[in-house]
file start-v9.json (JSON, C-alpha atoms and all ligand atoms)
[["chain", "number", "residue", "atom", "x", "y", "z"],
["P", 40, "MET", "CA", -6.32, 18.42, 43.66],
["P", 41, "SER", "CA", -3.13, 19.25, 41.77],
["P", 42, "ILE", "CA", -2.97, 19.50, 37.99],
["P", 43, "GLN", "CA", -2.63, 16.00, 36.54],
["P", 44, "ASN", "CA", 0.12, 15.53, 33.94],
["P", 45, "ILE", "CA", -1.22, 13.13, 31.33],
["P", 46, "ALA", "CA", 0.64, 11.02, 28.77],
["P", 47, "ILE", "CA", -1.34, 9.62, 25.84],
["P", 48, "ALA", "CA", -0.16, 6.33, 24.32],
["P", 49, "GLY", "CA", -1.11, 5.62, 20.71],
["P", 50, "SER", "CA", -1.51, 9.38, 20.29],
["P", 51, "ALA", "CA", -1.66, 9.24, 16.48],
["P", 52, "GLY", "CA", -4.41, 6.61, 16.45],
["P", 53, "ARG", "CA", -8.15, 7.16, 16.04],
["P", 54, "MET", "CA", -8.70, 7.23, 19.81],
["P", 55, "GLY", "CA", -5.34, 8.92, 20.41],
["P", 56, "ARG", "CA", -6.47, 11.96, 18.46],
["P", 57, "ALA", "CA", -9.82, 12.15, 20.27],
["P", 58, "LEU", "CA", -7.92, 11.87, 23.57],
["P", 59, "LEU", "CA", -5.52, 14.67, 22.58],
["P", 60, "GLU", "CA", -8.55, 16.87, 21.98],
["P", 61, "ALA", "CA", -10.30, 15.86, 25.21],
["P", 62, "VAL", "CA", -7.24, 16.19, 27.50],
["P", 63, "THR", "CA", -6.24, 19.53, 25.92],
["P", 64, "HIS", "CA", -9.63, 20.99, 26.88],
["P", 65, "ALA", "CA", -10.11, 19.25, 30.26],
["P", 66, "ASP", "CA", -9.93, 21.29, 33.47],
["P", 67, "GLY", "CA", -7.32, 20.14, 35.98],
["P", 68, "MET", "CA", -5.11, 18.25, 33.55],
["P", 69, "GLN", "CA", -2.40, 18.99, 31.03],
["P", 70, "LEU", "CA", -0.83, 16.95, 28.27],
["P", 71, "SER", "CA", 2.74, 16.09, 29.31],
["P", 72, "ALA", "CA", 3.62, 13.48, 26.66],
["P", 73, "ALA", "CA", 2.34, 12.02, 23.40],
["P", 74, "LEU", "CA", 3.62, 8.50, 22.79],
["P", 75, "GLU", "CA", 3.85, 6.25, 19.75],
["P", 76, "HIS", "CA", 5.66, 3.00, 18.98],
["P", 77, "ASP", "CA", 9.27, 2.91, 17.70],
["P", 78, "ASN", "CA", 8.35, 2.60, 14.00],
["P", 79, "SER", "CA", 5.62, 5.21, 13.92],
["P", 80, "PRO", "CA", 5.87, 7.73, 11.05],
["P", 81, "PHE", "CA", 4.56, 10.35, 13.51],
["P", 82, "LEU", "CA", 7.64, 10.37, 15.79],
["P", 83, "LYS", "CA", 9.22, 13.84, 16.27],
["P", 84, "LYS", "CA", 6.11, 15.63, 14.99],
["P", 85, "ASP", "CA", 4.28, 18.14, 17.19],
["P", 86, "SER", "CA", 1.29, 16.22, 18.60],
["P", 87, "GLY", "CA", -0.93, 19.31, 18.27],
["P", 88, "GLU", "CA", -0.72, 18.94, 14.49],
["P", 89, "LEU", "CA", -2.82, 15.78, 14.80],
["P", 90, "ILE", "CA", -5.73, 17.92, 15.96],
["P", 91, "GLY", "CA", -5.08, 20.98, 13.83],
["P", 92, "SER", "CA", -2.74, 23.19, 15.90],
["P", 93, "THR", "CA", 0.64, 23.06, 17.67],
["P", 94, "ASN", "CA", 1.17, 22.41, 21.38],
["P", 95, "GLY", "CA", 4.95, 21.99, 21.79],
["P", 96, "ILE", "CA", 4.61, 18.31, 22.83],
["P", 97, "THR", "CA", 6.68, 16.23, 20.42],
["P", 98, "ILE", "CA", 5.56, 12.65, 19.72],
["P", 99, "THR", "CA", 8.08, 10.24, 21.21],
["P", 100, "SER", "CA", 8.60, 6.53, 21.81],
["P", 101, "ASP", "CA", 10.76, 7.19, 24.89],
["P", 102, "ILE", "CA", 8.23, 6.14, 27.52],
["P", 103, "VAL", "CA", 10.71, 6.07, 30.42],
["P", 104, "THR", "CA", 11.54, 9.77, 29.99],
["P", 105, "ALA", "CA", 7.88, 10.60, 29.28],
["P", 106, "LEU", "CA", 6.69, 8.99, 32.51],
["P", 107, "ALA", "CA", 9.26, 10.80, 34.68],
["P", 108, "ASP", "CA", 7.02, 13.88, 34.58],
["P", 109, "CYS", "CA", 3.62, 12.21, 34.47],
["P", 110, "HIS", "CA", 0.82, 11.25, 36.90],
["P", 111, "GLN", "CA", -1.32, 9.13, 34.60],
["P", 112, "ILE", "CA", -1.17, 7.55, 31.16],
["P", 113, "ILE", "CA", -4.19, 6.97, 28.93],
["P", 114, "ASP", "CA", -3.60, 3.93, 26.74],
["P", 115, "PHE", "CA", -5.79, 2.94, 23.78],
["P", 116, "THR", "CA", -3.30, 0.97, 21.68],
["P", 117, "ARG", "CA", -2.85, -2.79, 21.17],
["P", 118, "PRO", "CA", -2.48, -5.53, 23.81],
["P", 119, "GLN", "CA", 1.27, -5.79, 23.09],
["P", 120, "GLY", "CA", 1.74, -2.03, 23.58],
["P", 121, "THR", "CA", -0.44, -1.88, 26.70],
["P", 122, "MET", "CA", 1.49, -4.73, 28.32],
["P", 123, "ALA", "CA", 4.83, -3.03, 27.63],
["P", 124, "HIS", "CA", 3.46, 0.25, 29.04],
["P", 125, "LEU", "CA", 2.13, -1.58, 32.10],
["P", 126, "ASP", "CA", 5.61, -2.72, 33.11],
["P", 127, "THR", "CA", 7.05, 0.79, 32.77],
["P", 128, "CYS", "CA", 4.14, 2.40, 34.64],
["P", 129, "ARG", "CA", 4.51, -0.11, 37.45],
["P", 130, "GLU", "CA", 8.19, 0.76, 37.84],
["P", 131, "ALA", "CA", 7.53, 4.51, 37.64],
["P", 132, "GLY", "CA", 4.41, 4.45, 39.88],
["P", 133, "VAL", "CA", 2.25, 5.99, 37.14],
["P", 134, "LYS", "CA", -1.52, 5.31, 37.13],
["P", 135, "MET", "CA", -3.18, 3.94, 33.98],
["P", 136, "VAL", "CA", -6.48, 4.42, 32.17],
["P", 137, "ILE", "CA", -6.65, 1.52, 29.70],
["P", 138, "GLY", "CA", -9.19, 1.23, 26.88],
["P", 139, "THR", "CA", -7.35, -1.33, 24.75],
["P", 140, "THR", "CA", -9.47, -4.38, 23.90],
["P", 141, "GLY", "CA", -8.53, -7.90, 22.84],
["P", 142, "LEU", "CA", -6.41, -8.69, 25.93],
["P", 143, "SER", "CA", -5.97, -12.40, 26.73],
["P", 144, "GLU", "CA", -6.90, -13.84, 30.16],
["P", 145, "GLN", "CA", -3.20, -13.95, 30.99],
["P", 146, "GLU", "CA", -2.77, -10.28, 30.07],
["P", 147, "LYS", "CA", -5.80, -9.34, 32.18],
["P", 148, "ASN", "CA", -4.22, -11.21, 35.10],
["P", 149, "ARG", "CA", -1.09, -9.09, 34.67],
["P", 150, "LEU", "CA", -3.22, -5.96, 35.05],
["P", 151, "LYS", "CA", -4.69, -7.39, 38.25],
["P", 152, "ASP", "CA", -1.25, -8.15, 39.56],
["P", 153, "ALA", "CA", 0.10, -4.66, 38.75],
["P", 154, "SER", "CA", -2.93, -3.05, 40.40],
["P", 155, "ASN", "CA", -1.51, -4.10, 43.78],
["P", 156, "GLU", "CA", 1.04, -1.34, 43.18],
["P", 157, "ILE", "CA", -0.62, 1.20, 40.87],
["P", 158, "ALA", "CA", -4.21, 2.33, 40.33],
["P", 159, "ILE", "CA", -5.75, 1.26, 37.01],
["P", 160, "VAL", "CA", -9.07, 1.85, 35.25],
["P", 161, "PHE", "CA", -9.55, -0.82, 32.57],
["P", 162, "ALA", "CA", -12.78, -0.84, 30.57],
["P", 163, "PRO", "CA", -13.69, -2.05, 27.08],
["P", 164, "ASN", "CA", -16.02, 0.88, 26.60],
["P", 165, "MET", "CA", -15.72, 4.24, 28.37],
["P", 166, "SER", "CA", -18.95, 5.80, 27.14],
["P", 167, "VAL", "CA", -21.54, 6.59, 29.80],
["P", 168, "GLY", "CA", -24.29, 5.13, 27.60],
["P", 169, "VAL", "CA", -22.74, 1.69, 27.23],
["P", 170, "ASN", "CA", -22.09, 1.48, 30.95],
["P", 171, "VAL", "CA", -25.73, 2.28, 31.68],
["P", 172, "THR", "CA", -26.62, -0.36, 29.08],
["P", 173, "PHE", "CA", -24.71, -2.95, 31.13],
["P", 174, "LYS", "CA", -27.06, -2.25, 34.05],
["P", 175, "LEU", "CA", -30.11, -2.55, 31.78],
["P", 176, "LEU", "CA", -28.81, -5.91, 30.57],
["P", 177, "GLU", "CA", -28.59, -7.20, 34.13],
["P", 178, "ILE", "CA", -32.26, -6.37, 34.69],
["P", 179, "ALA", "CA", -33.36, -7.78, 31.31],
["P", 180, "ALA", "CA", -31.41, -11.01, 31.82],
["P", 181, "MET", "CA", -32.87, -11.60, 35.27],
["P", 182, "VAL", "CA", -36.46, -11.09, 34.11],
["P", 183, "LEU", "CA", -36.15, -12.81, 30.71],
["P", 184, "ARG", "CA", -34.12, -15.73, 32.02],
["P", 185, "GLN", "CA", -36.39, -18.46, 30.59],
["P", 186, "GLY", "CA", -37.89, -18.78, 27.13],
["P", 187, "TYR", "CA", -35.74, -16.09, 25.54],
["P", 188, "ASP", "CA", -32.79, -16.65, 23.19],
["P", 189, "ILE", "CA", -29.94, -14.22, 23.75],
["P", 190, "GLU", "CA", -27.88, -12.85, 20.86],
["P", 191, "ILE", "CA", -25.34, -10.01, 20.81],
["P", 192, "ILE", "CA", -24.68, -8.20, 17.53],
["P", 193, "GLU", "CA", -21.91, -5.65, 17.13],
["P", 194, "ALA", "CA", -20.82, -3.45, 14.22],
["P", 195, "HIS", "CA", -17.58, -1.48, 13.85],
["P", 196, "HIS", "CA", -15.42, 0.24, 11.23],
["P", 197, "ARG", "CA", -13.39, -1.77, 8.72],
["P", 198, "HIS", "CA", -10.08, -1.06, 10.54],
["P", 199, "LYS", "CA", -10.97, -2.80, 13.81],
["P", 200, "ILE", "CA", -8.67, -5.78, 14.38],
["P", 201, "ASP", "CA", -10.36, -7.72, 17.22],
["P", 202, "ALA", "CA", -13.70, -9.56, 17.25],
["P", 203, "PRO", "CA", -16.09, -9.75, 18.91],
["P", 204, "SER", "CA", -15.58, -6.26, 20.35],
["P", 205, "GLY", "CA", -14.54, -5.92, 23.97],
["P", 206, "THR", "CA", -17.92, -4.32, 24.66],
["P", 207, "ALA", "CA", -19.85, -7.25, 23.14],
["P", 208, "LEU", "CA", -17.85, -9.68, 25.24],
["P", 209, "ARG", "CA", -18.50, -7.65, 28.39],
["P", 210, "MET", "CA", -22.22, -7.59, 27.53],
["P", 211, "GLY", "CA", -22.05, -11.38, 27.29],
["P", 212, "GLU", "CA", -20.29, -11.58, 30.67],
["P", 213, "VAL", "CA", -22.83, -9.29, 32.34],
["P", 214, "ILE", "CA", -25.73, -11.38, 31.00],
["P", 215, "ALA", "CA", -24.07, -14.71, 31.79],
["P", 216, "ASP", "CA", -23.26, -13.57, 35.35],
["P", 217, "ALA", "CA", -26.86, -12.46, 35.91],
["P", 218, "LEU", "CA", -28.06, -15.88, 34.72],
["P", 219, "GLY", "CA", -25.47, -17.88, 36.67],
["P", 220, "ARG", "CA", -23.95, -19.22, 33.43],
["P", 221, "ASP", "CA", -20.28, -19.42, 32.47],
["P", 222, "LEU", "CA", -19.75, -17.42, 29.26],
["P", 223, "LYS", "CA", -16.80, -19.63, 28.29],
["P", 224, "LYS", "CA", -19.20, -22.58, 28.14],
["P", 225, "VAL", "CA", -22.25, -20.96, 26.54],
["P", 226, "ALA", "CA", -20.79, -18.49, 24.01],
["P", 227, "ILE", "CA", -21.26, -19.25, 20.29],
["P", 228, "TYR", "CA", -19.08, -17.11, 18.04],
["P", 229, "GLY", "CA", -20.67, -16.99, 14.58],
["P", 230, "ARG", "CA", -22.51, -19.82, 12.80],
["P", 231, "GLU", "CA", -21.98, -21.57, 9.48],
["P", 232, "GLY", "CA", -23.23, -24.69, 7.73],
["P", 233, "VAL", "CA", -25.63, -27.20, 9.30],
["P", 234, "THR", "CA", -25.51, -25.95, 12.86],
["P", 235, "GLY", "CA", -28.49, -27.85, 14.26],
["P", 236, "GLU", "CA", -31.17, -26.16, 16.33],
["P", 237, "ARG", "CA", -30.21, -23.47, 18.76],
["P", 238, "ALA", "CA", -29.43, -24.69, 22.29],
["P", 239, "ASP", "CA", -31.40, -22.88, 25.01],
["P", 240, "GLU", "CA", -28.50, -21.82, 27.22],
["P", 241, "THR", "CA", -26.28, -20.35, 24.51],
["P", 242, "ILE", "CA", -25.37, -16.69, 24.02],
["P", 243, "GLY", "CA", -24.62, -15.97, 20.35],
["P", 244, "PHE", "CA", -22.26, -13.30, 19.01],
["P", 245, "SER", "CA", -22.35, -11.79, 15.52],
["P", 246, "THR", "CA", -19.86, -9.31, 14.11],
["P", 247, "ILE", "CA", -20.13, -6.74, 11.32],
["P", 248, "ARG", "CA", -17.05, -4.85, 10.03],
["P", 249, "ALA", "CA", -17.90, -2.10, 7.54],
["P", 250, "GLY", "CA", -17.01, 1.44, 6.53],
["P", 251, "ASP", "CA", -16.59, 4.00, 9.28],
["P", 252, "ILE", "CA", -19.10, 2.71, 11.87],
["P", 253, "VAL", "CA", -17.85, 4.08, 15.22],
["P", 254, "GLY", "CA", -19.42, 1.34, 17.36],
["P", 255, "GLU", "CA", -22.88, -0.23, 17.61],
["P", 256, "HIS", "CA", -24.08, -2.96, 19.97],
["P", 257, "THR", "CA", -27.41, -4.76, 20.19],
["P", 258, "ALA", "CA", -28.35, -7.32, 22.84],
["P", 259, "MET", "CA", -31.40, -9.28, 21.73],
["P", 260, "PHE", "CA", -33.71, -11.33, 23.95],
["P", 261, "ALA", "CA", -36.00, -13.19, 21.54],
["P", 262, "GLY", "CA", -38.94, -15.20, 22.85],
["P", 263, "ALA", "CA", -42.11, -16.67, 21.36],
["P", 264, "GLY", "CA", -44.24, -13.76, 20.18],
["P", 265, "GLU", "CA", -41.95, -10.91, 21.27],
["P", 266, "ARG", "CA", -38.40, -9.63, 21.15],
["P", 267, "VAL", "CA", -36.57, -7.13, 23.34],
["P", 268, "GLU", "CA", -33.53, -5.32, 21.89],
["P", 269, "ILE", "CA", -31.25, -3.11, 23.94],
["P", 270, "VAL", "CA", -29.20, -1.00, 21.54],
["P", 271, "HIS", "CA", -26.31, 1.42, 21.93],
["P", 272, "LYS", "CA", -24.91, 3.43, 19.01],
["P", 273, "ALA", "CA", -21.79, 5.58, 19.33],
["P", 274, "SER", "CA", -21.57, 8.28, 16.68],
["P", 275, "SER", "CA", -18.37, 10.01, 17.88],
["P", 276, "ARG", "CA", -15.15, 8.79, 19.51],
["P", 277, "MET", "CA", -15.35, 11.81, 21.82],
["P", 278, "THR", "CA", -17.88, 9.86, 23.89],
["P", 279, "PHE", "CA", -15.11, 7.33, 24.74],
["P", 280, "ALA", "CA", -12.48, 10.06, 25.22],
["P", 281, "MET", "CA", -14.69, 12.02, 27.64],
["P", 282, "GLY", "CA", -15.17, 8.80, 29.62],
["P", 283, "ALA", "CA", -11.39, 8.40, 29.80],
["P", 284, "VAL", "CA", -11.13, 11.96, 31.17],
["P", 285, "ARG", "CA", -13.66, 11.02, 33.89],
["P", 286, "ALA", "CA", -11.55, 7.96, 34.66],
["P", 287, "VAL", "CA", -8.46, 10.17, 35.12],
["P", 288, "ARG", "CA", -10.38, 12.30, 37.64],
["P", 289, "PHE", "CA", -11.57, 9.17, 39.45],
["P", 290, "LEU", "CA", -7.98, 7.89, 39.81],
["P", 291, "GLU", "CA", -6.59, 11.16, 41.20],
["P", 292, "ASP", "CA", -6.99, 10.09, 44.83],
["P", 293, "LYS", "CA", -6.39, 6.34, 44.33],
["P", 294, "SER", "CA", -2.97, 4.81, 44.89],
["P", 295, "SER", "CA", -3.72, 1.20, 43.87],
["P", 296, "GLY", "CA", -6.55, -1.09, 42.71],
["P", 297, "LEU", "CA", -8.18, -2.31, 39.51],
["P", 298, "PHE", "CA", -11.35, -0.41, 38.58],
["P", 299, "ASP", "CA", -13.69, -0.17, 35.60],
["P", 300, "MET", "CA", -16.19, 2.41, 34.36],
["P", 301, "GLN", "CA", -18.91, 1.03, 36.65],
["P", 302, "ASP", "CA", -16.70, 2.24, 39.53],
["P", 303, "VAL", "CA", -15.94, 5.55, 37.83],
["P", 304, "LEU", "CA", -19.63, 6.26, 37.19],
["P", 305, "GLY", "CA", -20.86, 4.99, 40.58],
["P", 306, "LEU", "CA", -22.90, 2.20, 38.94],
["P", 307, "ARG", "CA", -21.61, -0.68, 41.08],
["P", 401, "LIG", "N1", -12.47, 1.38, 25.84],
["P", 401, "LIG", "C1", -13.05, 2.15, 24.92],
["P", 401, "LIG", "O1", -13.94, 2.98, 25.21],
["P", 401, "LIG", "C2", -12.58, 2.06, 23.50],
["P", 401, "LIG", "C3", -11.61, 1.17, 23.18],
["P", 401, "LIG", "N2", -11.06, 1.16, 21.93],
["P", 401, "LIG", "C4", -9.92, 0.26, 21.76],
["P", 401, "LIG", "O2", -8.75, 1.07, 21.73],
["P", 401, "LIG", "C5", -7.77, 0.45, 20.92],
["P", 401, "LIG", "C6", -7.29, 1.44, 19.85],
["P", 401, "LIG", "O3", -8.34, 1.74, 18.96],
["P", 401, "LIG", "P1", -8.12, 2.79, 17.77],
["P", 401, "LIG", "O4", -7.68, 4.10, 18.30],
["P", 401, "LIG", "O5", -9.33, 2.71, 16.91],
["P", 401, "LIG", "O6", -6.91, 2.07, 16.99],
["P", 401, "LIG", "P2", -5.77, 2.75, 16.12],
["P", 401, "LIG", "O7", -5.08, 1.65, 15.37],
["P", 401, "LIG", "O8", -6.31, 3.91, 15.35],
["P", 401, "LIG", "O9", -4.77, 3.35, 17.23],
["P", 401, "LIG", "C7", -3.85, 2.60, 17.96],
["P", 401, "LIG", "C8", -2.57, 3.39, 18.05],
["P", 401, "LIG", "O10", -1.62, 2.64, 18.82],
["P", 401, "LIG", "C9", -0.45, 2.46, 18.02],
["P", 401, "LIG", "N3", 0.18, 1.18, 18.32],
["P", 401, "LIG", "C10", 0.09, 0.00, 17.64],
["P", 401, "LIG", "N4", 0.84, -0.94, 18.22],
["P", 401, "LIG", "C11", 1.45, -0.35, 19.27],
["P", 401, "LIG", "C12", 2.38, -0.81, 20.24],
["P", 401, "LIG", "N5", 2.82, -2.07, 20.26],
["P", 401, "LIG", "N6", 2.81, 0.07, 21.17],
["P", 401, "LIG", "C13", 2.37, 1.33, 21.16],
["P", 401, "LIG", "N7", 1.49, 1.83, 20.28],
["P", 401, "LIG", "C14", 1.03, 1.00, 19.34],
["P", 401, "LIG", "C15", -0.94, 2.52, 16.58],
["P", 401, "LIG", "O11", 0.12, 2.81, 15.68],
["P", 401, "LIG", "P3", 0.03, 2.25, 14.16],
["P", 401, "LIG", "O12", -1.21, 2.84, 13.58],
["P", 401, "LIG", "O13", 1.29, 2.78, 13.53],
["P", 401, "LIG", "O14", -0.04, 0.76, 14.25],
["P", 401, "LIG", "C16", -1.96, 3.65, 16.68],
["P", 401, "LIG", "O15", -1.36, 4.91, 16.63],
["P", 401, "LIG", "C17", -8.44, -0.80, 20.35],
["P", 401, "LIG", "O16", -8.10, -1.90, 21.16],
["P", 401, "LIG", "C18", -9.92, -0.50, 20.46],
["P", 401, "LIG", "O17", -10.72, -1.65, 20.53],
["P", 401, "LIG", "C19", -11.49, 2.00, 20.96],
["P", 401, "LIG", "C20", -12.49, 2.89, 21.21],
["P", 401, "LIG", "C21", -13.14, 2.99, 22.50],
["P", 402, "LIG", "O1", -12.23, -0.46, 18.13],
["P", 402, "LIG", "C1", -13.16, 0.37, 18.33],
["P", 402, "LIG", "O2", -13.37, 1.30, 17.55],
["P", 402, "LIG", "C2", -13.97, 0.22, 19.54],
["P", 402, "LIG", "N1", -13.63, -0.71, 20.39],
["P", 402, "LIG", "C3", -14.22, -0.96, 21.65],
["P", 402, "LIG", "C4", -14.64, -2.40, 21.77],
["P", 402, "LIG", "O3", -13.93, -3.29, 21.26],
["P", 402, "LIG", "O4", -15.67, -2.67, 22.40],
["P", 402, "LIG", "C5", -15.26, 0.04, 22.05],
["P", 402, "LIG", "C6", -15.96, 0.77, 20.95],
["P", 402, "LIG", "O5", -17.09, 0.06, 20.57],
["P", 402, "LIG", "C7", -15.08, 1.14, 19.78]]

call {"tool": "encode", "arguments": {"input": "start-v9.json", "output": "structure tokens"}}
result
Amino acid sequence: MSIQNIAIAGSAGRMGRALLEAVTHADGMQLSAALEHDNSPFLKKDSGELIGSTNGITITSDIVTALADCHQIIDFTRPQGTMAHLDTCREAGVKMVIGTTGLSEQEKNRLKDASNEIAIVFAPNMSVGVNVTFKLLEIAAMVLRQGYDIEIIEAHHRHKIDAPSGTALRMGEVIADALGRDLKKVAIYGREGVTGERADETIGFSTIRAGDIVGEHTAMFAGAGERVEIVHKASSRMTFAMGAVRAVRFLEDKSSGLFDMQDVLGLR
């Protein structure tokens, strides 16, 4: 395979910096562009400075020029940014690895539509551990389908802007699918006041935002006399960035299609 030229969107962000580090050290790929939005204070700076060196790649908001010399873009930004990048990538025929969470149903449909023309990996969590956890949840849900209350608890750093996390929502979807339930109908997002007794079919979500927690998820199956908890704790953003690098490798020989990390890791 040829060397993959990689653009990183949101390069000055928390994930952007981890991605700069991961791509810089990955075999078979080179950083070709570091992108930020028009009002970013980081524009015109050398992107290497964000990770403690220089690399000659200046941070830019000119995505059209950046994509002219690029095979794939890695995008961990905001839904609005990802949607704008999607349109440009579609026109330029550039593949996308997307980690942004908080996309609406309509925005997800736009990814699906674009994937008829370009190859996309879109996943709310790119760590290997969380993706194995999704498989464990399928098994747990099928076996504990009756007599167990299901709750999903997630904790993240104080700067996170969306809730529940994309990972928590995917956990809910995986469990609901395994049980033949529709998450839209059974999800309960937080509780307050006189809520009444818990309904059997529901899947509850609780959110913690505090300090510098990288990302923690617990799926609880609580029955009479016992409780099963499946827990994942991320302690470094490099775990997500290394997953994104694996996604880039997976896309190398794909020309179209919408994939997630279950495809990348062969867990389907
Ligand atoms: N799939 C996965 O494995 C993971 C997903 N995530 C998701 O990735 C996303 C980013 O997380 P994180 O790095 O912590 O967030 P940050 O806010 O640290 O980084 C986002 C970056 O994107 C920039 N940005 C904001 N708006 C736009 C826009 N409209 N166009 C282009 N760039 C924009 C931000 O600039 P500015 O700061 O100036 O606003 C910032 O540099 C979130 O949705 C998060 O949930 C995070 C970790 C793992
Ligand atoms: O914003 C974050 O930080 C994270 N977001 C992702 C999510 O919403 O699930 C993944 C990870 O937990 C970190």

call {"tool": "residues_near_ligand", "arguments": {"input": "start-v9.json", "ligand": "ligand LIG 402 (chain P)", "cutoff": "9 Å", "atoms": "all atoms listed in the file", "output": "CSV table (one decimal) with C-alpha atoms, keeping the file's coordinate frame"}}
result
chain,number,residue,atom,x,y,z
P,53,ARG,CA,-8.2,7.2,16.0
P,54,MET,CA,-8.7,7.2,19.8
P,138,GLY,CA,-9.2,1.2,26.9
P,139,THR,CA,-7.4,-1.3,24.8
P,140,THR,CA,-9.5,-4.4,23.9
P,141,GLY,CA,-8.5,-7.9,22.8
P,162,ALA,CA,-12.8,-0.8,30.6
P,163,PRO,CA,-13.7,-2.0,27.1
P,164,ASN,CA,-16.0,0.9,26.6
P,165,MET,CA,-15.7,4.2,28.4
P,166,SER,CA,-19.0,5.8,27.1
P,169,VAL,CA,-22.7,1.7,27.2
P,193,GLU,CA,-21.9,-5.6,17.1
P,194,ALA,CA,-20.8,-3.4,14.2
P,195,HIS,CA,-17.6,-1.5,13.8
P,196,HIS,CA,-15.4,0.2,11.2
P,198,HIS,CA,-10.1,-1.1,10.5
P,199,LYS,CA,-11.0,-2.8,13.8
P,200,ILE,CA,-8.7,-5.8,14.4
P,201,ASP,CA,-10.4,-7.7,17.2
P,202,ALA,CA,-13.7,-9.6,17.2
P,203,PRO,CA,-16.1,-9.8,18.9
P,204,SER,CA,-15.6,-6.3,20.4
P,205,GLY,CA,-14.5,-5.9,24.0
P,206,THR,CA,-17.9,-4.3,24.7
P,207,ALA,CA,-19.8,-7.2,23.1
P,208,LEU,CA,-17.8,-9.7,25.2
P,209,ARG,CA,-18.5,-7.6,28.4
P,252,ILE,CA,-19.1,2.7,11.9
P,253,VAL,CA,-17.8,4.1,15.2
P,254,GLY,CA,-19.4,1.3,17.4
P,255,GLU,CA,-22.9,-0.2,17.6
P,256,HIS,CA,-24.1,-3.0,20.0
P,272,LYS,CA,-24.9,3.4,19.0
P,273,ALA,CA,-21.8,5.6,19.3
P,276,ARG,CA,-15.2,8.8,19.5
P,279,PHE,CA,-15.1,7.3,24.7

call {"tool": "atom_distance", "arguments": {"input": "start-v9.json", "atom1": "CA of Phe173 (chain P)", "atom2": "CA of Glu291 (chain P)"}}
result
25.1 Å

call {"tool": "atom_distance", "arguments": {"input": "start-v9.json", "atom1": "CA of Lys134 (chain P)", "atom2": "CA of Gly49 (chain P)"}}
result
16.4 Å

call {"tool": "closest_residue", "arguments": {"input": "start-v9.json", "among": "P:Thr172, P:Gly132, P:His124, P:Ala179", "to": "Arg149 (chain P)", "atoms": "only C-alpha atoms"}}
result
P:His124

call {"tool": "closest_residue", "arguments": {"input": "start-v9.json", "among": "P:Ala73, P:Leu304, P:Ala123, P:Ile96", "to": "ligand LIG 401 (chain P)", "atoms": "only C-alpha atoms and all ligand atoms"}}
result
P:Ala123

call {"tool": "closest_residue", "arguments": {"input": "start-v9.json", "among": "P:Gln145, P:Asn78, P:Asn94, P:Gln69", "to": "ligand LIG 401 (chain P)", "atoms": "all atoms listed in the file"}}
result
P:Asn78

call {"tool": "atom_distance", "arguments": {"input": "start-v9.json", "atom1": "CA of Leu70 (chain P)", "atom2": "CA of Asp302 (chain P)"}}
result
24.4 Å

call {"tool": "residues_around", "arguments": {"input": "start-v9.json", "residues": "Glu146 (chain P)", "least_positions_apart": "6", "cutoff": "10 Å", "atoms": "all atoms listed in the file", "output": "list in words"}}
result
Pro118, Gln119, Thr121, Met122 and Asp152 of chain P

call {"tool": "residues_around", "arguments": {"input": "start-v9.json", "residues": "Ser86 (chain P)", "least_positions_apart": "3", "cutoff": "9 Å", "atoms": "only C-alpha atoms", "output": "PyMOL selection string"}}
result
chain P and resi 50-51+56+59+72-73+81+83+89-90+92-98

call {"tool": "write_last_selection", "arguments": {"input": "start-v9.json", "atoms": "C-alpha atoms", "output": "PDB file, in the frame of the given file"}}
result
ATOM      1  CA  SER P  50      -1.510   9.380  20.290  1.00  0.00           C
ATOM      2  CA  ALA P  51      -1.660   9.240  16.480  1.00  0.00           C
ATOM      3  CA  ARG P  56      -6.470  11.960  18.460  1.00  0.00           C
ATOM      4  CA  LEU P  59      -5.520  14.670  22.580  1.00  0.00           C
ATOM      5  CA  ALA P  72       3.620  13.480  26.660  1.00  0.00           C
ATOM      6  CA  ALA P  73       2.340  12.020  23.400  1.00  0.00           C
ATOM      7  CA  PHE P  81       4.560  10.350  13.510  1.00  0.00           C
ATOM      8  CA  LYS P  83       9.220  13.840  16.270  1.00  0.00           C
ATOM      9  CA  LEU P  89      -2.820  15.780  14.800  1.00  0.00           C
ATOM     10  CA  ILE P  90      -5.730  17.920  15.960  1.00  0.00           C
ATOM     11  CA  SER P  92      -2.740  23.190  15.900  1.00  0.00           C
ATOM     12  CA  THR P  93       0.640  23.060  17.670  1.00  0.00           C
ATOM     13  CA  ASN P  94       1.170  22.410  21.380  1.00  0.00           C
ATOM     14  CA  GLY P  95       4.950  21.990  21.790  1.00  0.00           C
ATOM     15  CA  ILE P  96       4.610  18.310  22.830  1.00  0.00           C
ATOM     16  CA  THR P  97       6.680  16.230  20.420  1.00  0.00           C
ATOM     17  CA  ILE P  98       5.560  12.650  19.720  1.00  0.00           C
TER      18      ILE P  98
END

call {"tool": "closest_residue", "arguments": {"input": "start-v9.json", "among": "P:Asp101, P:Arg307, P:Gly250, P:Gly52", "to": "Pro80 (chain P)", "atoms": "only C-alpha atoms"}}
result
P:Gly52

call {"tool": "closest_residue", "arguments": {"input": "start-v9.json", "among": "P:Ala65, P:Leu175, P:Val103, P:Met40", "to": "Val267 (chain P)", "atoms": "only C-alpha atoms"}}
result
P:Leu175

call {"tool": "closest_residue", "arguments": {"input": "start-v9.json", "among": "P:Ala153, P:Met210, P:Val62, P:Ile242", "to": "Lys224 (chain P)", "atoms": "all atoms listed in the file"}}
result
P:Ile242

call {"tool": "residues_around", "arguments": {"input": "start-v9.json", "residues": "Gly262 (chain P)", "least_positions_apart": "5", "cutoff": "8 Å", "atoms": "all atoms listed in the file", "output": "PyMOL selection string"}}
result
chain P and resi 186-188
